[in-house]
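Enquirer: Here it is: the structure, laid out below.
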Amino acid sequence: MVCKVIPIKVLCFVLRAVQGHIPSATTLQSRDMNIDSTLCGTCIGEVECVDHILMRCSYTRIIMNKIFKWCGLNKQEFNDVGELLHFAALWGRCPKKRIKLLCICYSLLWNLWKIRNGKLFREVFTTICRGTENIKVLTYLWLKCRGNGRVGN
Ligand SMILES: [Zn+2]
């Protein structure tokens, strides 16, 4: 069901993220590529691995908290992408609402990756507010355009 709503490129990206195969600084370094720094360019405190960008960076955690609040959920912290998807896949009792939450999670991951790349390659800084809004808008578009217009409850 989720596969029908979420674009294939995003599904592929998330699958690679779970496997730790997206080109983060540490992944590139392990492939012997010459990179300036393996530290995260946003919080500059930790090594930039996949799970740092998408789960553990302070910037990510603020956005994730805002999104969870928007969903009416309590604050959650996840150590890796698999944990988040596992949480969403088992959440609640209503299958329709669960699919919506999964879409929101995919949109969150996809947007965090785009925000990171924008900053790294184009020097575009996305504010927390803007980033959160982008995640909501993309989820809405997926559910509206690809889920036969059923956005409401
Ligand atoms: Zn960081």
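In the structure tokens, each chain is lettered A, B, ... as it comes, each chain's residues begin at 1, and ligands are numbered from 1 in order of appearance.
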Neighbours of ligand 1 within 8 Å, counting only C-alpha atoms and all ligand atoms, as number ranges by chain?

Expert: A: 39-48, 52-53, 56-60

Enquirer: With the cut-off set at 8 Å and counting only C-alpha atoms, tabulate each residue of region 15-118 of chain A with an atom at most that distance from an atom of region 136-148 of chain A, showing the nearest atom pair and its distance in Å to one decimal, ordered by chain and increasing number, as a tab-separated table.

Expert:
residue	atom	partner	partner_atom	distance
A:Lys100	CA	A:Leu143	CA	7.8
A:Cys103	CA	A:Thr139	CA	6.2
A:Ile104	CA	A:Thr139	CA	5.6
A:Ser107	CA	A:Thr139	CA	5.9

Enquirer: From the options A:Lys4, A:Arg61, A:Arg130, A:Arg31, which residue's atoms come nearest to Leu109 (chain A), counting only C-alpha atoms?

Expert: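 With only C-alpha atoms as the atom set, the closest residue is A:Arg61.
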
Enquirer: Could you pull the residues within 8 Å of Leu112 (chain A), counting only C-alpha atoms, minus those fewer than 2 positions along the same chain, as a list in words?

Expert: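 Here the answer would be Ile53, Leu54, Thr60, Leu108, Leu109, Trp110, Lys114, Ile115, Arg116 and Gly131 of chain A.
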
Enquirer: Residues of the last selection are to be written out with all heavy atoms, as a PDB file, in the first residue's frame.

Expert:
ATOM      1  N   ILE A  53      22.848  11.680  10.000  1.00  0.00           N
ATOM      2  CA  ILE A  53      22.111  12.652   9.171  1.00  0.00           C
ATOM      3  C   ILE A  53      20.607  12.495   9.370  1.00  0.00           C
ATOM      4  O   ILE A  53      19.886  13.469   9.553  1.00  0.00           O
ATOM      5  CB  ILE A  53      22.417  12.445   7.666  1.00  0.00           C
ATOM      6  CG1 ILE A  53      23.909  12.554   7.378  1.00  0.00           C
ATOM      7  CG2 ILE A  53      21.630  13.435   6.810  1.00  0.00           C
ATOM      8  CD1 ILE A  53      24.308  12.070   5.986  1.00  0.00           C
ATOM      9  N   LEU A  54      20.139  11.252   9.336  1.00  0.00           N
ATOM     10  CA  LEU A  54      18.698  11.014   9.284  1.00  0.00           C
ATOM     11  C   LEU A  54      18.034  10.804  10.643  1.00  0.00           C
ATOM     12  O   LEU A  54      16.811  10.870  10.747  1.00  0.00           O
ATOM     13  CB  LEU A  54      18.397   9.813   8.378  1.00  0.00           C
ATOM     14  CG  LEU A  54      18.896   9.939   6.930  1.00  0.00           C
ATOM     15  CD1 LEU A  54      18.613   8.660   6.166  1.00  0.00           C
ATOM     16  CD2 LEU A  54      18.231  11.115   6.223  1.00  0.00           C
ATOM     17  N   THR A  60      18.153  17.334  12.955  1.00  0.00           N
ATOM     18  CA  THR A  60      17.189  16.284  12.615  1.00  0.00           C
ATOM     19  C   THR A  60      16.220  16.047  13.761  1.00  0.00           C
ATOM     20  O   THR A  60      15.008  15.921  13.561  1.00  0.00           O
ATOM     21  CB  THR A  60      17.947  14.978  12.299  1.00  0.00           C
ATOM     22  OG1 THR A  60      18.770  15.225  11.177  1.00  0.00           O
ATOM     23  CG2 THR A  60      17.005  13.822  12.035  1.00  0.00           C
ATOM     24  N   LEU A 108       9.935  12.575   5.691  1.00  0.00           N
ATOM     25  CA  LEU A 108      10.930  13.116   6.627  1.00  0.00           C
ATOM     26  C   LEU A 108      12.343  12.729   6.185  1.00  0.00           C
ATOM     27  O   LEU A 108      13.226  13.582   6.050  1.00  0.00           O
ATOM     28  CB  LEU A 108      10.631  12.578   8.031  1.00  0.00           C
ATOM     29  CG  LEU A 108      11.676  12.812   9.118  1.00  0.00           C
ATOM     30  CD1 LEU A 108      11.520  14.215   9.692  1.00  0.00           C
ATOM     31  CD2 LEU A 108      11.552  11.810  10.258  1.00  0.00           C
ATOM     32  N   LEU A 109      12.540  11.443   5.925  1.00  0.00           N
ATOM     33  CA  LEU A 109      13.877  10.951   5.556  1.00  0.00           C
ATOM     34  C   LEU A 109      14.341  11.573   4.242  1.00  0.00           C
ATOM     35  O   LEU A 109      15.477  12.034   4.126  1.00  0.00           O
ATOM     36  CB  LEU A 109      13.856   9.424   5.433  1.00  0.00           C
ATOM     37  CG  LEU A 109      13.561   8.658   6.738  1.00  0.00           C
ATOM     38  CD1 LEU A 109      13.299   7.189   6.447  1.00  0.00           C
ATOM     39  CD2 LEU A 109      14.716   8.818   7.714  1.00  0.00           C
ATOM     40  N   TRP A 110      13.443  11.598   3.270  1.00  0.00           N
ATOM     41  CA  TRP A 110      13.773  12.127   1.945  1.00  0.00           C
ATOM     42  C   TRP A 110      14.126  13.610   2.029  1.00  0.00           C
ATOM     43  O   TRP A 110      15.111  14.078   1.454  1.00  0.00           O
ATOM     44  CB  TRP A 110      12.585  11.887   0.998  1.00  0.00           C
ATOM     45  CG  TRP A 110      12.750  12.387  -0.398  1.00  0.00           C
ATOM     46  CD1 TRP A 110      12.030  13.374  -1.010  1.00  0.00           C
ATOM     47  CD2 TRP A 110      13.689  11.911  -1.386  1.00  0.00           C
ATOM     48  NE1 TRP A 110      12.460  13.542  -2.304  1.00  0.00           N
ATOM     49  CE2 TRP A 110      13.468  12.661  -2.563  1.00  0.00           C
ATOM     50  CE3 TRP A 110      14.680  10.927  -1.391  1.00  0.00           C
ATOM     51  CZ2 TRP A 110      14.219  12.461  -3.726  1.00  0.00           C
ATOM     52  CZ3 TRP A 110      15.427  10.735  -2.549  1.00  0.00           C
ATOM     53  CH2 TRP A 110      15.192  11.494  -3.700  1.00  0.00           C
ATOM     54  N   LYS A 114      17.614  15.684   1.257  1.00  0.00           N
ATOM     55  CA  LYS A 114      17.673  16.790   0.302  1.00  0.00           C
ATOM     56  C   LYS A 114      18.220  18.051   0.969  1.00  0.00           C
ATOM     57  O   LYS A 114      18.985  18.812   0.372  1.00  0.00           O
ATOM     58  CB  LYS A 114      16.281  17.061  -0.289  1.00  0.00           C
ATOM     59  CG  LYS A 114      15.872  15.985  -1.293  1.00  0.00           C
ATOM     60  CD  LYS A 114      14.846  16.493  -2.282  1.00  0.00           C
ATOM     61  CE  LYS A 114      13.624  17.031  -1.588  1.00  0.00           C
ATOM     62  NZ  LYS A 114      12.566  17.411  -2.548  1.00  0.00           N
ATOM     63  N   ILE A 115      17.825  18.283   2.232  1.00  0.00           N
ATOM     64  CA  ILE A 115      18.297  19.457   2.983  1.00  0.00           C
ATOM     65  C   ILE A 115      19.816  19.363   3.163  1.00  0.00           C
ATOM     66  O   ILE A 115      20.553  20.333   2.944  1.00  0.00           O
ATOM     67  CB  ILE A 115      17.594  19.550   4.359  1.00  0.00           C
ATOM     68  CG1 ILE A 115      16.125  19.933   4.178  1.00  0.00           C
ATOM     69  CG2 ILE A 115      18.306  20.545   5.276  1.00  0.00           C
ATOM     70  CD1 ILE A 115      15.264  19.792   5.434  1.00  0.00           C
ATOM     71  N   ARG A 116      20.274  18.167   3.521  1.00  0.00           N
ATOM     72  CA  ARG A 116      21.718  17.943   3.737  1.00  0.00           C
ATOM     73  C   ARG A 116      22.486  18.196   2.432  1.00  0.00           C
ATOM     74  O   ARG A 116      23.515  18.859   2.417  1.00  0.00           O
ATOM     75  CB  ARG A 116      21.938  16.525   4.255  1.00  0.00           C
ATOM     76  CG  ARG A 116      23.383  16.122   4.467  1.00  0.00           C
ATOM     77  CD  ARG A 116      23.893  15.382   3.260  1.00  0.00           C
ATOM     78  NE  ARG A 116      25.176  14.714   3.533  1.00  0.00           N
ATOM     79  CZ  ARG A 116      25.874  14.092   2.580  1.00  0.00           C
ATOM     80  NH1 ARG A 116      25.449  14.063   1.346  1.00  0.00           N
ATOM     81  NH2 ARG A 116      27.014  13.523   2.869  1.00  0.00           N
ATOM     82  N   GLY A 131      11.986  23.386   6.684  1.00  0.00           N
ATOM     83  CA  GLY A 131      12.185  21.944   6.527  1.00  0.00           C
ATOM     84  C   GLY A 131      10.953  21.170   6.973  1.00  0.00           C
ATOM     85  O   GLY A 131      10.481  20.261   6.289  1.00  0.00           O
TER      86      GLY A 131
END

Enquirer: Would you please extract all helix (DSSP H, G or I) residues from region 49-115 of chain A, as assigned by DSSP on the backbone, and give them as a PyMOL selection string?

Expert: chain A and resi 50-56+58-70+81-90+95-115

Enquirer: Can you build me a table of region 56-120 of chain A residues sitting at most 10 Å from region 16-29 of chain A, with the closest atom pair per residue and its distance in Å to one decimal, using only C-alpha atoms, sorted by chain and residue number, as a Markdown table?

Expert:
| residue | atom | partner | partner_atom | distance |
| --- | --- | --- | --- | --- |
| A:Asp80 | CA | A:Val18 | CA | 7.8 |
| A:Val81 | CA | A:Val18 | CA | 5.6 |
| A:Gly82 | CA | A:Val18 | CA | 5.6 |
| A:Glu83 | CA | A:Val18 | CA | 9.3 |
| A:Leu85 | CA | A:Val18 | CA | 9.1 |
| A:Leu109 | CA | A:Ala17 | CA | 8.9 |
| A:Trp110 | CA | A:Ala17 | CA | 10.0 |
| A:Trp113 | CA | A:Ile22 | CA | 9.4 |
| A:Arg116 | CA | A:Ser24 | CA | 9.7 |
| A:Asn117 | CA | A:Ser24 | CA | 9.8 |

Enquirer: Point out the residue among A:His86, A:Arg93, A:Lys75, A:Lys9 with the least atom-to-atom distance to Cys105 (chain A), counting only C-alpha atoms.

Expert: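 Looking only at the distances to Cys105 (chain A), the closest residue turns out to be A:His86.
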
Enquirer: Which residue, A:Tyr106, A:Ile135, A:Asp36, A:Cys129, has the smallest gap to Ile8 (chain A) when you use only C-alpha atoms?

Expert: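 Smallest separation from Ile8 (chain A) among the options: A:Tyr106.
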
Enquirer: For Ala88 (chain A), which residue among A:Gln76, A:Leu102, A:Asn34, A:Gly118 is the nearest when counting only C-alpha atoms?

Expert: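 Using only C-alpha atoms, the shortest distance to Ala88 (chain A) belongs to A:Leu102.
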
Enquirer: Would you compute the distance between CA of Ile63 (chain A) and CA of Glu77 (chain A)? Give it in Å to one decimal.

Expert: 11.6 Å

Enquirer: Provide the CA of Ile62 (chain A) to CA of Asn111 (chain A) distance in Å, to one decimal place.

Expert: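 About the pair CA of Ile62 (chain A) and CA of Asn111 (chain A): they are 13.8 Å apart.
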